[in-house]
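A.B. asks: Input structure25.cif, format and content: mmCIF, C-alpha atoms and all ligand atoms.
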data_input
#
loop_
_atom_site.group_PDB
_atom_site.id
_atom_site.type_symbol
_atom_site.label_atom_id
_atom_site.label_comp_id
_atom_site.auth_asym_id
_atom_site.auth_seq_id
_atom_site.Cartn_x
_atom_site.Cartn_y
_atom_site.Cartn_z
ATOM 1 C CA MET A 758 59.017 -30.325 18.014
ATOM 2 C CA PRO A 759 59.381 -26.593 18.846
ATOM 3 C CA ALA A 760 62.167 -24.700 17.053
ATOM 4 C CA ASP A 761 65.401 -24.316 19.026
ATOM 5 C CA PRO A 762 66.431 -20.629 18.865
ATOM 6 C CA ASP A 763 70.097 -21.577 19.477
ATOM 7 C CA ALA A 764 70.268 -24.282 16.829
ATOM 8 C CA GLY A 765 71.421 -22.053 13.941
ATOM 9 C CA ASP A 766 70.297 -21.833 10.331
ATOM 10 C CA ALA A 767 71.540 -25.312 9.364
ATOM 11 C CA LEU A 768 68.839 -27.030 11.397
ATOM 12 C CA GLU A 769 65.954 -24.841 10.290
ATOM 13 C CA GLN A 770 63.238 -26.603 8.364
ATOM 14 C CA PRO A 771 61.925 -24.906 5.225
ATOM 15 C CA ASP A 772 58.408 -23.544 5.502
ATOM 16 C CA ALA A 773 55.758 -25.928 4.237
ATOM 17 C CA PRO A 774 54.296 -24.500 1.015
ATOM 18 C CA HIS A 775 50.730 -24.695 2.340
ATOM 19 C CA PRO A 776 50.761 -25.114 6.106
ATOM 20 C CA PRO A 777 47.511 -26.685 7.236
ATOM 21 C CA PRO A 778 45.217 -24.344 9.147
ATOM 22 C CA PRO A 779 44.885 -25.000 12.908
ATOM 23 C CA HIS A 780 41.650 -26.934 12.560
ATOM 24 C CA GLY A 781 43.286 -29.374 10.106
ATOM 25 C CA VAL A 782 41.162 -28.875 6.985
ATOM 26 C CA ASP A 783 42.199 -26.529 4.192
ATOM 27 C CA PRO A 784 38.950 -24.872 3.000
ATOM 28 C CA THR A 785 40.469 -24.263 -0.450
ATOM 29 C CA ARG A 786 41.155 -27.948 -1.179
ATOM 30 C CA PRO A 787 38.335 -30.165 -2.450
ATOM 31 C CA ARG A 788 37.465 -32.838 0.043
ATOM 32 C CA ALA A 789 35.475 -36.057 -0.012
ATOM 33 C CA ALA A 790 32.615 -36.636 2.403
ATOM 34 C CA ASP A 791 32.022 -39.954 4.139
ATOM 35 C CA TRP A 792 28.860 -41.543 5.430
ATOM 36 C CA VAL A 793 28.331 -41.324 9.180
ATOM 37 C CA VAL A 794 26.413 -44.364 10.412
ATOM 38 C CA THR A 795 25.002 -44.840 13.895
ATOM 39 C CA THR A 796 22.905 -47.733 15.133
ATOM 40 C CA ASP A 797 20.403 -47.721 17.977
ATOM 41 C CA ILE A 798 17.344 -49.523 19.321
ATOM 42 C CA VAL A 799 13.861 -48.015 19.464
ATOM 43 C CA PHE A 800 12.892 -47.957 23.145
ATOM 44 C CA PRO A 801 9.302 -47.423 24.347
ATOM 45 C CA HIS A 802 10.046 -43.857 25.472
ATOM 46 C CA HIS A 803 10.941 -42.979 21.853
ATOM 47 C CA ALA A 804 7.605 -44.200 20.522
ATOM 48 C CA ASN A 805 4.348 -42.514 19.572
ATOM 49 C CA THR A 806 0.951 -43.825 20.679
ATOM 50 C CA MET A 807 1.044 -46.454 17.917
ATOM 51 C CA GLY A 808 4.236 -48.015 19.274
ATOM 52 C CA THR A 809 6.429 -46.810 16.419
ATOM 53 C CA LEU A 810 9.383 -44.405 16.391
ATOM 54 C CA PHE A 811 8.153 -40.872 17.155
ATOM 55 C CA GLY A 812 8.799 -38.448 14.276
ATOM 56 C CA GLY A 813 10.452 -35.907 16.562
ATOM 57 C CA ARG A 814 12.894 -38.539 17.788
ATOM 58 C CA ALA A 815 13.669 -39.536 14.177
ATOM 59 C CA LEU A 816 14.418 -35.882 13.389
ATOM 60 C CA GLU A 817 16.682 -35.621 16.437
ATOM 61 C CA LEU A 818 18.652 -38.700 15.385
ATOM 62 C CA LEU A 819 18.977 -37.379 11.826
ATOM 63 C CA ASP A 820 20.007 -33.891 12.970
ATOM 64 C CA ILE A 821 22.747 -35.170 15.304
ATOM 65 C CA ASN A 822 24.058 -37.661 12.749
ATOM 66 C CA ALA A 823 24.054 -35.049 9.979
ATOM 67 C CA ALA A 824 25.880 -32.547 12.193
ATOM 68 C CA ILE A 825 28.635 -35.129 12.750
ATOM 69 C CA ALA A 826 28.897 -35.589 8.966
ATOM 70 C CA CYS A 827 29.446 -31.814 8.675
ATOM 71 C CA TYR A 828 31.959 -31.702 11.532
ATOM 72 C CA ARG A 829 33.995 -34.434 9.857
ATOM 73 C CA PHE A 830 33.785 -32.741 6.471
ATOM 74 C CA ALA A 831 34.567 -29.151 7.500
ATOM 75 C CA ARG A 832 36.170 -29.633 10.939
ATOM 76 C CA ARG A 833 34.307 -26.517 12.030
ATOM 77 C CA THR A 834 31.540 -25.688 14.449
ATOM 78 C CA VAL A 835 28.300 -26.070 12.537
ATOM 79 C CA VAL A 836 24.689 -25.107 13.190
ATOM 80 C CA THR A 837 21.538 -26.438 11.647
ATOM 81 C CA ALA A 838 20.266 -23.762 9.257
ATOM 82 C CA SER A 839 17.175 -25.531 7.910
ATOM 83 C CA THR A 840 15.432 -28.849 7.736
ATOM 84 C CA GLU A 841 14.323 -29.499 4.197
ATOM 85 C CA ALA A 842 11.726 -32.002 2.988
ATOM 86 C CA ILE A 843 11.830 -35.094 5.186
ATOM 87 C CA ASP A 844 9.690 -38.042 4.141
ATOM 88 C CA PHE A 845 8.548 -40.635 6.634
ATOM 89 C CA ARG A 846 8.030 -43.579 4.291
ATOM 90 C CA ALA A 847 7.708 -46.513 6.675
ATOM 91 C CA PRO A 848 7.418 -47.010 10.429
ATOM 92 C CA VAL A 849 10.083 -48.399 12.742
ATOM 93 C CA HIS A 850 8.651 -50.378 15.642
ATOM 94 C CA VAL A 851 9.623 -50.439 19.302
ATOM 95 C CA GLY A 852 12.360 -53.050 19.762
ATOM 96 C CA GLU A 853 13.649 -52.685 16.222
ATOM 97 C CA ILE A 854 17.157 -51.593 15.250
ATOM 98 C CA VAL A 855 17.331 -48.093 13.817
ATOM 99 C CA GLU A 856 20.285 -47.190 11.593
ATOM 100 C CA VAL A 857 20.915 -43.533 10.755
ATOM 101 C CA ARG A 858 23.147 -42.653 7.806
ATOM 102 C CA SER A 859 24.252 -39.159 6.745
ATOM 103 C CA ARG A 860 26.647 -37.709 4.195
ATOM 104 C CA VAL A 861 27.319 -34.198 2.943
ATOM 105 C CA ALA A 862 25.685 -34.248 -0.493
ATOM 106 C CA TRP A 863 26.321 -30.667 -1.538
ATOM 107 C CA ALA A 864 28.605 -27.898 -0.278
ATOM 108 C CA GLY A 865 28.338 -24.189 -0.968
ATOM 109 C CA ARG A 866 30.618 -21.433 0.271
ATOM 110 C CA THR A 867 29.817 -21.745 3.968
ATOM 111 C CA SER A 868 26.839 -24.095 3.956
ATOM 112 C CA MET A 869 26.404 -27.820 3.477
ATOM 113 C CA ILE A 870 23.369 -29.910 2.579
ATOM 114 C CA VAL A 871 23.329 -33.353 4.140
ATOM 115 C CA ARG A 872 21.384 -36.323 2.880
ATOM 116 C CA GLY A 873 20.009 -38.289 5.811
ATOM 117 C CA GLU A 874 18.501 -41.761 5.742
ATOM 118 C CA LEU A 875 16.977 -43.751 8.556
ATOM 119 C CA VAL A 876 16.649 -47.519 8.137
ATOM 120 C CA GLY A 877 14.480 -49.754 10.306
ATOM 121 C CA GLU A 878 15.666 -53.312 10.849
ATOM 122 C CA ASN A 879 13.848 -56.275 12.339
ATOM 123 C CA PRO A 880 16.428 -57.713 14.778
ATOM 124 C CA ARG A 881 15.153 -61.296 14.421
ATOM 125 C CA THR A 882 14.557 -61.597 10.667
ATOM 126 C CA GLY A 883 17.082 -59.027 9.415
ATOM 127 C CA GLU A 884 14.380 -57.430 7.233
ATOM 128 C CA ARG A 885 15.388 -53.827 6.509
ATOM 129 C CA ARG A 886 13.383 -50.897 5.147
ATOM 130 C CA LEU A 887 14.195 -47.292 4.294
ATOM 131 C CA ALA A 888 11.944 -45.583 6.826
ATOM 132 C CA THR A 889 12.862 -41.898 6.558
ATOM 133 C CA ILE A 890 14.797 -39.837 4.070
ATOM 134 C CA GLY A 891 15.485 -36.143 3.852
ATOM 135 C CA HIS A 892 17.930 -33.274 3.748
ATOM 136 C CA ILE A 893 19.189 -30.900 6.432
ATOM 137 C CA SER A 894 21.344 -27.852 5.812
ATOM 138 C CA PHE A 895 24.127 -26.603 8.062
ATOM 139 C CA VAL A 896 26.359 -23.540 8.165
ATOM 140 C CA ALA A 897 29.974 -23.589 9.383
ATOM 141 C CA LEU A 898 30.858 -20.878 11.881
ATOM 142 C CA ASP A 899 34.126 -19.290 13.000
ATOM 143 C CA ASP A 900 34.987 -18.513 16.615
ATOM 144 C CA ASP A 901 32.916 -15.309 16.404
ATOM 145 C CA GLU A 902 29.898 -17.333 15.186
ATOM 146 C CA ARG A 903 30.072 -15.887 11.679
ATOM 147 C CA PRO A 904 29.726 -18.095 8.578
ATOM 148 C CA ILE A 905 33.130 -19.353 7.387
ATOM 149 C CA PRO A 906 34.067 -21.164 4.145
ATOM 150 C CA VAL A 907 33.972 -24.945 3.920
ATOM 151 C CA PRO A 908 35.992 -26.988 1.410
ATOM 152 C CA PRO A 909 34.570 -27.691 -2.043
ATOM 153 C CA LEU A 910 32.967 -31.136 -2.110
ATOM 154 C CA LEU A 911 34.585 -33.892 -4.200
ATOM 155 C CA VAL A 912 31.887 -35.622 -6.223
ATOM 156 C CA GLU A 913 33.248 -38.763 -7.860
ATOM 157 C CA THR A 914 30.969 -41.798 -7.851
ATOM 158 C CA ALA A 915 27.656 -42.179 -9.645
ATOM 159 C CA GLU A 916 25.866 -42.211 -6.275
ATOM 160 C CA GLN A 917 27.653 -39.051 -5.141
ATOM 161 C CA ARG A 918 26.711 -37.342 -8.425
ATOM 162 C CA ARG A 919 23.061 -38.353 -7.995
ATOM 163 C CA HIS A 920 22.943 -37.152 -4.393
ATOM 164 C CA HIS A 921 24.770 -33.942 -5.348
ATOM 165 C CA ALA A 922 22.196 -33.214 -8.068
ATOM 166 C CA ILE A 923 19.396 -33.705 -5.526
ATOM 167 C CA GLY A 924 21.306 -31.454 -3.101
ATOM 168 C CA GLU A 925 21.490 -28.784 -5.770
ATOM 169 C CA ARG A 926 17.702 -28.876 -6.163
ATOM 170 C CA VAL A 927 17.321 -28.638 -2.381
ATOM 171 C CA ARG A 928 19.599 -25.587 -2.463
ATOM 172 C CA GLU A 929 17.378 -24.003 -5.140
ATOM 173 C CA HIS A 930 14.332 -24.554 -2.913
ATOM 174 C CA ILE A 931 16.149 -22.892 -0.006
ATOM 175 C CA GLY A 932 17.087 -19.931 -2.182
ATOM 176 C CA SER A 933 13.602 -19.379 -3.516
ATOM 177 C CA ARG A 934 12.059 -19.806 -0.059
ATOM 178 C CA ARG A 935 14.413 -17.243 1.443
ATOM 179 C CA ALA A 936 13.795 -14.858 -1.442
ATOM 180 C CA HIS A 937 10.007 -15.076 -1.143
ATOM 181 C CA ASP A 938 9.705 -15.240 2.611
ATOM 182 C CA PRO A 939 12.469 -13.057 4.077
ATOM 183 C CA LEU A 940 12.906 -12.982 7.827
ATOM 184 C CA GLU A 941 11.103 -10.155 9.549
ATOM 185 C CA ASP A 942 12.213 -8.419 12.702
ATOM 186 C CA VAL A 943 10.066 -9.109 15.747
HETATM 187 C C1 LIG A 1001 22.310 -20.215 9.880
HETATM 188 C C2 LIG A 1001 22.925 -18.870 10.188
HETATM 189 C C3 LIG A 1001 24.315 -19.085 10.784
HETATM 190 C C4 LIG A 1001 23.056 -18.115 8.859
HETATM 191 O O1 LIG A 1001 23.609 -16.858 9.179
HETATM 192 P P1 LIG A 1001 23.431 -15.623 8.160
HETATM 193 O O2 LIG A 1001 24.210 -14.485 8.693
HETATM 194 O O3 LIG A 1001 21.994 -15.435 7.843
HETATM 195 O O4 LIG A 1001 24.185 -16.213 6.918
HETATM 196 P P2 LIG A 1001 24.341 -15.647 5.459
HETATM 197 O O5 LIG A 1001 23.117 -14.964 4.955
HETATM 198 O O6 LIG A 1001 25.645 -14.891 5.418
HETATM 199 O O7 LIG A 1001 24.502 -16.997 4.665
HETATM 200 C C5 LIG A 1001 25.566 -17.879 4.976
HETATM 201 C C6 LIG A 1001 25.238 -19.223 4.353
HETATM 202 O O8 LIG A 1001 24.147 -19.786 5.061
HETATM 203 C C7 LIG A 1001 23.122 -20.142 4.153
HETATM 204 N N1 LIG A 1001 21.859 -19.962 4.833
HETATM 205 C C8 LIG A 1001 21.454 -18.869 5.533
HETATM 206 N N2 LIG A 1001 20.224 -19.089 6.039
HETATM 207 C C9 LIG A 1001 19.857 -20.327 5.659
HETATM 208 C C10 LIG A 1001 18.703 -21.116 5.862
HETATM 209 N N3 LIG A 1001 17.663 -20.676 6.589
HETATM 210 N N4 LIG A 1001 18.657 -22.344 5.331
HETATM 211 C C11 LIG A 1001 19.700 -22.823 4.626
HETATM 212 N N5 LIG A 1001 20.836 -22.145 4.385
HETATM 213 C C12 LIG A 1001 20.897 -20.891 4.894
HETATM 214 C C13 LIG A 1001 23.312 -19.192 2.969
HETATM 215 O O9 LIG A 1001 22.739 -19.706 1.788
HETATM 216 C C14 LIG A 1001 24.820 -19.142 2.881
HETATM 217 O O10 LIG A 1001 25.298 -20.309 2.245
HETATM 218 P P3 LIG A 1001 26.601 -20.280 1.290
HETATM 219 O O11 LIG A 1001 27.686 -19.537 2.018
HETATM 220 O O12 LIG A 1001 26.969 -21.716 1.106
HETATM 221 O O13 LIG A 1001 26.206 -19.603 0.018
HETATM 222 C C15 LIG A 1001 22.052 -18.022 11.169
HETATM 223 O O14 LIG A 1001 20.803 -17.765 10.558
HETATM 224 C C16 LIG A 1001 21.852 -18.708 12.495
HETATM 225 O O15 LIG A 1001 22.716 -18.637 13.371
HETATM 226 N N6 LIG A 1001 20.715 -19.398 12.683
HETATM 227 C C17 LIG A 1001 20.433 -20.093 13.925
HETATM 228 C C18 LIG A 1001 21.073 -21.493 13.908
HETATM 229 C C19 LIG A 1001 20.561 -22.337 15.042
HETATM 230 O O16 LIG A 1001 20.351 -21.844 16.123
HETATM 231 N N7 LIG A 1001 20.358 -23.641 14.752
HETATM 232 C C20 LIG A 1001 19.755 -24.550 15.709
HETATM 233 C C21 LIG A 1001 20.729 -25.081 16.685
HETATM 234 S S1 LIG A 1001 22.108 -25.908 15.958
#
Could you write out this file's structure as structure tokens?
Ligand SMILES: CC(C)(COP(=O)(O)OP(=O)(O)OC[C@H]1O[C@@H](n2cnc3c(N)ncnc32)[C@H](O)[C@@H]1OP(=O)(O)O)[C@@H](O)C(=O)NCCC(=O)NCCS

C.D. replies:
Amino acid sequence: MPADPDAGDALEQPDAPHPPPPHGVDPTRPRAADWVVTTDIVFPHHANTMGTLFGGRALELLDINAAIACYRFARRTVVTASTEAIDFRAPVHVGEIVEVRSRVAWAGRTSMIVRGELVGENPRTGERRLATIGHISFVALDDDERPIPVPPLLVETAEQRRHHAIGERVREHIGSRRAHDPLEDV
């Protein structure tokens, strides 16, 4: 409710010690990340010439899902900064269910590394297989499109610790790649 200027001191509420920022997430407070899971069907127009999910479509699904994981974690605009190693381990066939799962595995100052998994599922038998797995990194941006801090990531469970350790190695790869292959002006 807006403050009433005529109400007098007695009705004034004390200031909250740490008022939440407008976007709702305090970037100084550690925060847990949740899995984002979306489920779809592989249609023929998403297939390659072998009748299985086209790699580019798999990347699109992973990128969108991972971006949502970052939005929910940082509550900021985010952009994809890099796609890291992505392994296509098994095919997903036309007509099968495709489940995409993403979670922020590692968070830096302004960047996040998301673990993405894509599972293929036979709709009739229920057989499921891990088809694709990889990492994508994102950077949070302010309204002027400059990198802005994200909250520290809470890492609590054994699985989160394992994924965080992998994320840390991914971050090292990014760092060494950027150091050895700096961007050149065109
Ligand atoms: C990603 C981007 C915002 C980084 O901007 P920048 O000014 O180079 O950023 P900085 O050098 O200040 O680094 C900011 C953070 O981004 C990370 N970063 C920068 N380039 C990166 C890359 N190629 N891969 C992964 N992380 C990267 C840095 O490590 C740093 O992380 P930290 O704060 O957690 O330590 C900028 O390069 C960009 O806008 N790229 C285009 C994004 C895009 O169009 N994506 C596709 C559509 S969504």

A.B. asks: CA of Ala847 in chain A to CA of Pro801 in chain A: how many Å, to one decimal?

C.D. replies: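 Between CA of Ala847 in chain A and CA of Pro801 in chain A the gap is 17.8 Å.
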
A.B. asks: Output the residue selection produced by the PyMOL selection byres (((chain A and resi 908) around 8) and not hetatm) on the file above, formatted as a VMD selection string.

C.D. replies: chain A and resid 782 to 788 830 to 831 864 866 906 to 907 909 to 910

A.B. asks: List all protein, DNA and RNA residues that have any atom at most 12 Å from ligand LIG 1001 (chain A), counting all atoms listed in the file, and write the list as a PDB file with C-alpha atoms, in the coordinates of the input.

C.D. replies:
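See selection_25.pdb below for the written result:
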ATOM      1  CA  GLU A 817      16.682 -35.621  16.437  1.00  0.00           C
ATOM      2  CA  ASP A 820      20.007 -33.891  12.970  1.00  0.00           C
ATOM      3  CA  ILE A 821      22.747 -35.170  15.304  1.00  0.00           C
ATOM      4  CA  ALA A 823      24.054 -35.049   9.979  1.00  0.00           C
ATOM      5  CA  ALA A 824      25.880 -32.547  12.193  1.00  0.00           C
ATOM      6  CA  ILE A 825      28.635 -35.129  12.750  1.00  0.00           C
ATOM      7  CA  CYS A 827      29.446 -31.814   8.675  1.00  0.00           C
ATOM      8  CA  THR A 834      31.540 -25.688  14.449  1.00  0.00           C
ATOM      9  CA  VAL A 835      28.300 -26.070  12.537  1.00  0.00           C
ATOM     10  CA  VAL A 836      24.689 -25.107  13.190  1.00  0.00           C
ATOM     11  CA  THR A 837      21.538 -26.438  11.647  1.00  0.00           C
ATOM     12  CA  ALA A 838      20.266 -23.762   9.257  1.00  0.00           C
ATOM     13  CA  SER A 839      17.175 -25.531   7.910  1.00  0.00           C
ATOM     14  CA  THR A 840      15.432 -28.849   7.736  1.00  0.00           C
ATOM     15  CA  GLU A 841      14.323 -29.499   4.197  1.00  0.00           C
ATOM     16  CA  TRP A 863      26.321 -30.667  -1.538  1.00  0.00           C
ATOM     17  CA  ALA A 864      28.605 -27.898  -0.278  1.00  0.00           C
ATOM     18  CA  GLY A 865      28.338 -24.189  -0.968  1.00  0.00           C
ATOM     19  CA  ARG A 866      30.618 -21.433   0.271  1.00  0.00           C
ATOM     20  CA  THR A 867      29.817 -21.745   3.968  1.00  0.00           C
ATOM     21  CA  SER A 868      26.839 -24.095   3.956  1.00  0.00           C
ATOM     22  CA  MET A 869      26.404 -27.820   3.477  1.00  0.00           C
ATOM     23  CA  ILE A 870      23.369 -29.910   2.579  1.00  0.00           C
ATOM     24  CA  VAL A 871      23.329 -33.353   4.140  1.00  0.00           C
ATOM     25  CA  HIS A 892      17.930 -33.274   3.748  1.00  0.00           C
ATOM     26  CA  ILE A 893      19.189 -30.900   6.432  1.00  0.00           C
ATOM     27  CA  SER A 894      21.344 -27.852   5.812  1.00  0.00           C
ATOM     28  CA  PHE A 895      24.127 -26.603   8.062  1.00  0.00           C
ATOM     29  CA  VAL A 896      26.359 -23.540   8.165  1.00  0.00           C
ATOM     30  CA  ALA A 897      29.974 -23.589   9.383  1.00  0.00           C
ATOM     31  CA  LEU A 898      30.858 -20.878  11.881  1.00  0.00           C
ATOM     32  CA  ASP A 899      34.126 -19.290  13.000  1.00  0.00           C
ATOM     33  CA  ASP A 901      32.916 -15.309  16.404  1.00  0.00           C
ATOM     34  CA  GLU A 902      29.898 -17.333  15.186  1.00  0.00           C
ATOM     35  CA  ARG A 903      30.072 -15.887  11.679  1.00  0.00           C
ATOM     36  CA  PRO A 904      29.726 -18.095   8.578  1.00  0.00           C
ATOM     37  CA  ILE A 905      33.130 -19.353   7.387  1.00  0.00           C
ATOM     38  CA  PRO A 906      34.067 -21.164   4.145  1.00  0.00           C
ATOM     39  CA  VAL A 907      33.972 -24.945   3.920  1.00  0.00           C
ATOM     40  CA  PRO A 908      35.992 -26.988   1.410  1.00  0.00           C
ATOM     41  CA  PRO A 909      34.570 -27.691  -2.043  1.00  0.00           C
ATOM     42  CA  LEU A 910      32.967 -31.136  -2.110  1.00  0.00           C
ATOM     43  CA  GLY A 924      21.306 -31.454  -3.101  1.00  0.00           C
ATOM     44  CA  GLU A 925      21.490 -28.784  -5.770  1.00  0.00           C
ATOM     45  CA  VAL A 927      17.321 -28.638  -2.381  1.00  0.00           C
ATOM     46  CA  ARG A 928      19.599 -25.587  -2.463  1.00  0.00           C
ATOM     47  CA  GLU A 929      17.378 -24.003  -5.140  1.00  0.00           C
ATOM     48  CA  HIS A 930      14.332 -24.554  -2.913  1.00  0.00           C
ATOM     49  CA  ILE A 931      16.149 -22.892  -0.006  1.00  0.00           C
ATOM     50  CA  GLY A 932      17.087 -19.931  -2.182  1.00  0.00           C
ATOM     51  CA  SER A 933      13.602 -19.379  -3.516  1.00  0.00           C
ATOM     52  CA  ARG A 934      12.059 -19.806  -0.059  1.00  0.00           C
ATOM     53  CA  ARG A 935      14.413 -17.243   1.443  1.00  0.00           C
ATOM     54  CA  ALA A 936      13.795 -14.858  -1.442  1.00  0.00           C
ATOM     55  CA  ASP A 938       9.705 -15.240   2.611  1.00  0.00           C
ATOM     56  CA  PRO A 939      12.469 -13.057   4.077  1.00  0.00           C
ATOM     57  CA  LEU A 940      12.906 -12.982   7.827  1.00  0.00           C
TER      58      LEU A 940
END

A.B. asks: In Å to one decimal, how far is CA of Leu816 in chain A from CA of Arg886 in chain A?

C.D. replies: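 Straight-line distance from CA of Arg886 in chain A to CA of Leu816 in chain A works out to 17.2 Å.
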
A.B. asks: Report as a list in words the full result of the PyMOL selection byres (((chain A and resi 794) around 9) and not hetatm) when it is applied to this structure.

C.D. replies: Trp792, Val793, Thr795, Thr796, Asn822, Glu856, Val857, Arg858 and Ser859 of chain A

A.B. asks: Between A:Ile843, A:Leu911, A:Leu818, A:Val943, single out the one closest to Thr889 in chain A, counting only C-alpha atoms.

C.D. replies: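 Of A:Ile843, A:Leu911, A:Leu818, A:Val943, the one nearest Thr889 in chain A is A:Ile843, counting only C-alpha atoms.
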
A.B. asks: Do you have the CA of Gly812 in chain A-CA of Val799 in chain A distance handy?

C.D. replies: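 If I compute the distance from CA of Gly812 in chain A to CA of Val799 in chain A, I get 12.0 Å.
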
A.B. asks: List the neighbours of His920 in chain A out to 10 Å using all atoms listed in the file; skip same-chain residues closer than 6 positions along the sequence, and give me the result as a list in words.

C.D. replies: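 Final neighbour list, sorted by chain and number: Arg860, Val861, Ala862, Trp863, Val871, Arg872, Val912, Thr914 and Arg926 of chain A.
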
A.B. asks: Expand the PyMOL selection byres (((chain A and resi 809) around 12) and not hetatm) into the individual residues it matches in the shown file, reporting them as a list in words.

C.D. replies: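 Written out, the selection comes to Ile798, Val799, Phe800, Pro801, His802, His803, Ala804, Asn805, Thr806, Met807, Gly808, Leu810, Phe811, Gly812, Gly813, Arg814, Ala815, Phe845, Ala847, Pro848, Val849, His850, Val851, Gly852, Glu853, Ile854, Val855, Gly877 and Ala888 of chain A.
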
A.B. asks: Could you save the residues just selected, with C-alpha atoms, as a CSV table (one decimal), in the frame of the given file?

C.D. replies:
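Full text of again_29.csv as output:
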chain,number,residue,atom,x,y,z
A,798,ILE,CA,17.3,-49.5,19.3
A,799,VAL,CA,13.9,-48.0,19.5
A,800,PHE,CA,12.9,-48.0,23.1
A,801,PRO,CA,9.3,-47.4,24.3
A,802,HIS,CA,10.0,-43.9,25.5
A,803,HIS,CA,10.9,-43.0,21.9
A,804,ALA,CA,7.6,-44.2,20.5
A,805,ASN,CA,4.3,-42.5,19.6
A,806,THR,CA,1.0,-43.8,20.7
A,807,MET,CA,1.0,-46.5,17.9
A,808,GLY,CA,4.2,-48.0,19.3
A,810,LEU,CA,9.4,-44.4,16.4
A,811,PHE,CA,8.2,-40.9,17.2
A,812,GLY,CA,8.8,-38.4,14.3
A,813,GLY,CA,10.5,-35.9,16.6
A,814,ARG,CA,12.9,-38.5,17.8
A,815,ALA,CA,13.7,-39.5,14.2
A,845,PHE,CA,8.5,-40.6,6.6
A,847,ALA,CA,7.7,-46.5,6.7
A,848,PRO,CA,7.4,-47.0,10.4
A,849,VAL,CA,10.1,-48.4,12.7
A,850,HIS,CA,8.7,-50.4,15.6
A,851,VAL,CA,9.6,-50.4,19.3
A,852,GLY,CA,12.4,-53.0,19.8
A,853,GLU,CA,13.6,-52.7,16.2
A,854,ILE,CA,17.2,-51.6,15.2
A,855,VAL,CA,17.3,-48.1,13.8
A,877,GLY,CA,14.5,-49.8,10.3
A,888,ALA,CA,11.9,-45.6,6.8

A.B. asks: Could you rebuild range 817-829 of chain A with N, CA and C atoms and give me the result as an mmCIF file, in the frame of the given file?

C.D. replies:
data_model
loop_
_atom_site.group_PDB
_atom_site.id
_atom_site.type_symbol
_atom_site.label_atom_id
_atom_site.label_comp_id
_atom_site.auth_asym_id
_atom_site.auth_seq_id
_atom_site.Cartn_x
_atom_site.Cartn_y
_atom_site.Cartn_z
ATOM 1 N N GLU A 817 15.537 -35.857 15.543
ATOM 2 C CA GLU A 817 16.682 -35.621 16.437
ATOM 3 C C GLU A 817 17.867 -36.503 16.028
ATOM 4 N N LEU A 818 17.579 -37.780 15.782
ATOM 5 C CA LEU A 818 18.652 -38.700 15.385
ATOM 6 C C LEU A 818 19.297 -38.241 14.084
ATOM 7 N N LEU A 819 18.454 -37.829 13.121
ATOM 8 C CA LEU A 819 18.977 -37.379 11.826
ATOM 9 C C LEU A 819 19.813 -36.109 11.982
ATOM 10 N N ASP A 820 19.323 -35.178 12.797
ATOM 11 C CA ASP A 820 20.007 -33.891 12.970
ATOM 12 C C ASP A 820 21.392 -34.097 13.594
ATOM 13 N N ILE A 821 21.460 -34.930 14.634
ATOM 14 C CA ILE A 821 22.747 -35.170 15.304
ATOM 15 C C ILE A 821 23.716 -35.861 14.346
ATOM 16 N N ASN A 822 23.212 -36.908 13.676
ATOM 17 C CA ASN A 822 24.058 -37.661 12.749
ATOM 18 C C ASN A 822 24.575 -36.772 11.627
ATOM 19 N N ALA A 823 23.676 -35.932 11.090
ATOM 20 C CA ALA A 823 24.054 -35.049 9.979
ATOM 21 C C ALA A 823 25.068 -34.005 10.445
ATOM 22 N N ALA A 824 24.914 -33.526 11.666
ATOM 23 C CA ALA A 824 25.880 -32.547 12.193
ATOM 24 C C ALA A 824 27.269 -33.172 12.268
ATOM 25 N N ILE A 825 27.329 -34.444 12.680
ATOM 26 C CA ILE A 825 28.635 -35.129 12.750
ATOM 27 C C ILE A 825 29.252 -35.237 11.348
ATOM 28 N N ALA A 826 28.389 -35.519 10.346
ATOM 29 C CA ALA A 826 28.897 -35.589 8.966
ATOM 30 C C ALA A 826 29.528 -34.253 8.571
ATOM 31 N N CYS A 827 28.900 -33.145 8.996
ATOM 32 C CA CYS A 827 29.446 -31.814 8.675
ATOM 33 C C CYS A 827 30.725 -31.529 9.453
ATOM 34 N N TYR A 828 30.735 -31.895 10.731
ATOM 35 C CA TYR A 828 31.959 -31.702 11.532
ATOM 36 C C TYR A 828 33.133 -32.407 10.860
ATOM 37 N N ARG A 829 32.894 -33.659 10.432
ATOM 38 C CA ARG A 829 33.995 -34.434 9.857
ATOM 39 C C ARG A 829 34.409 -33.895 8.500
#
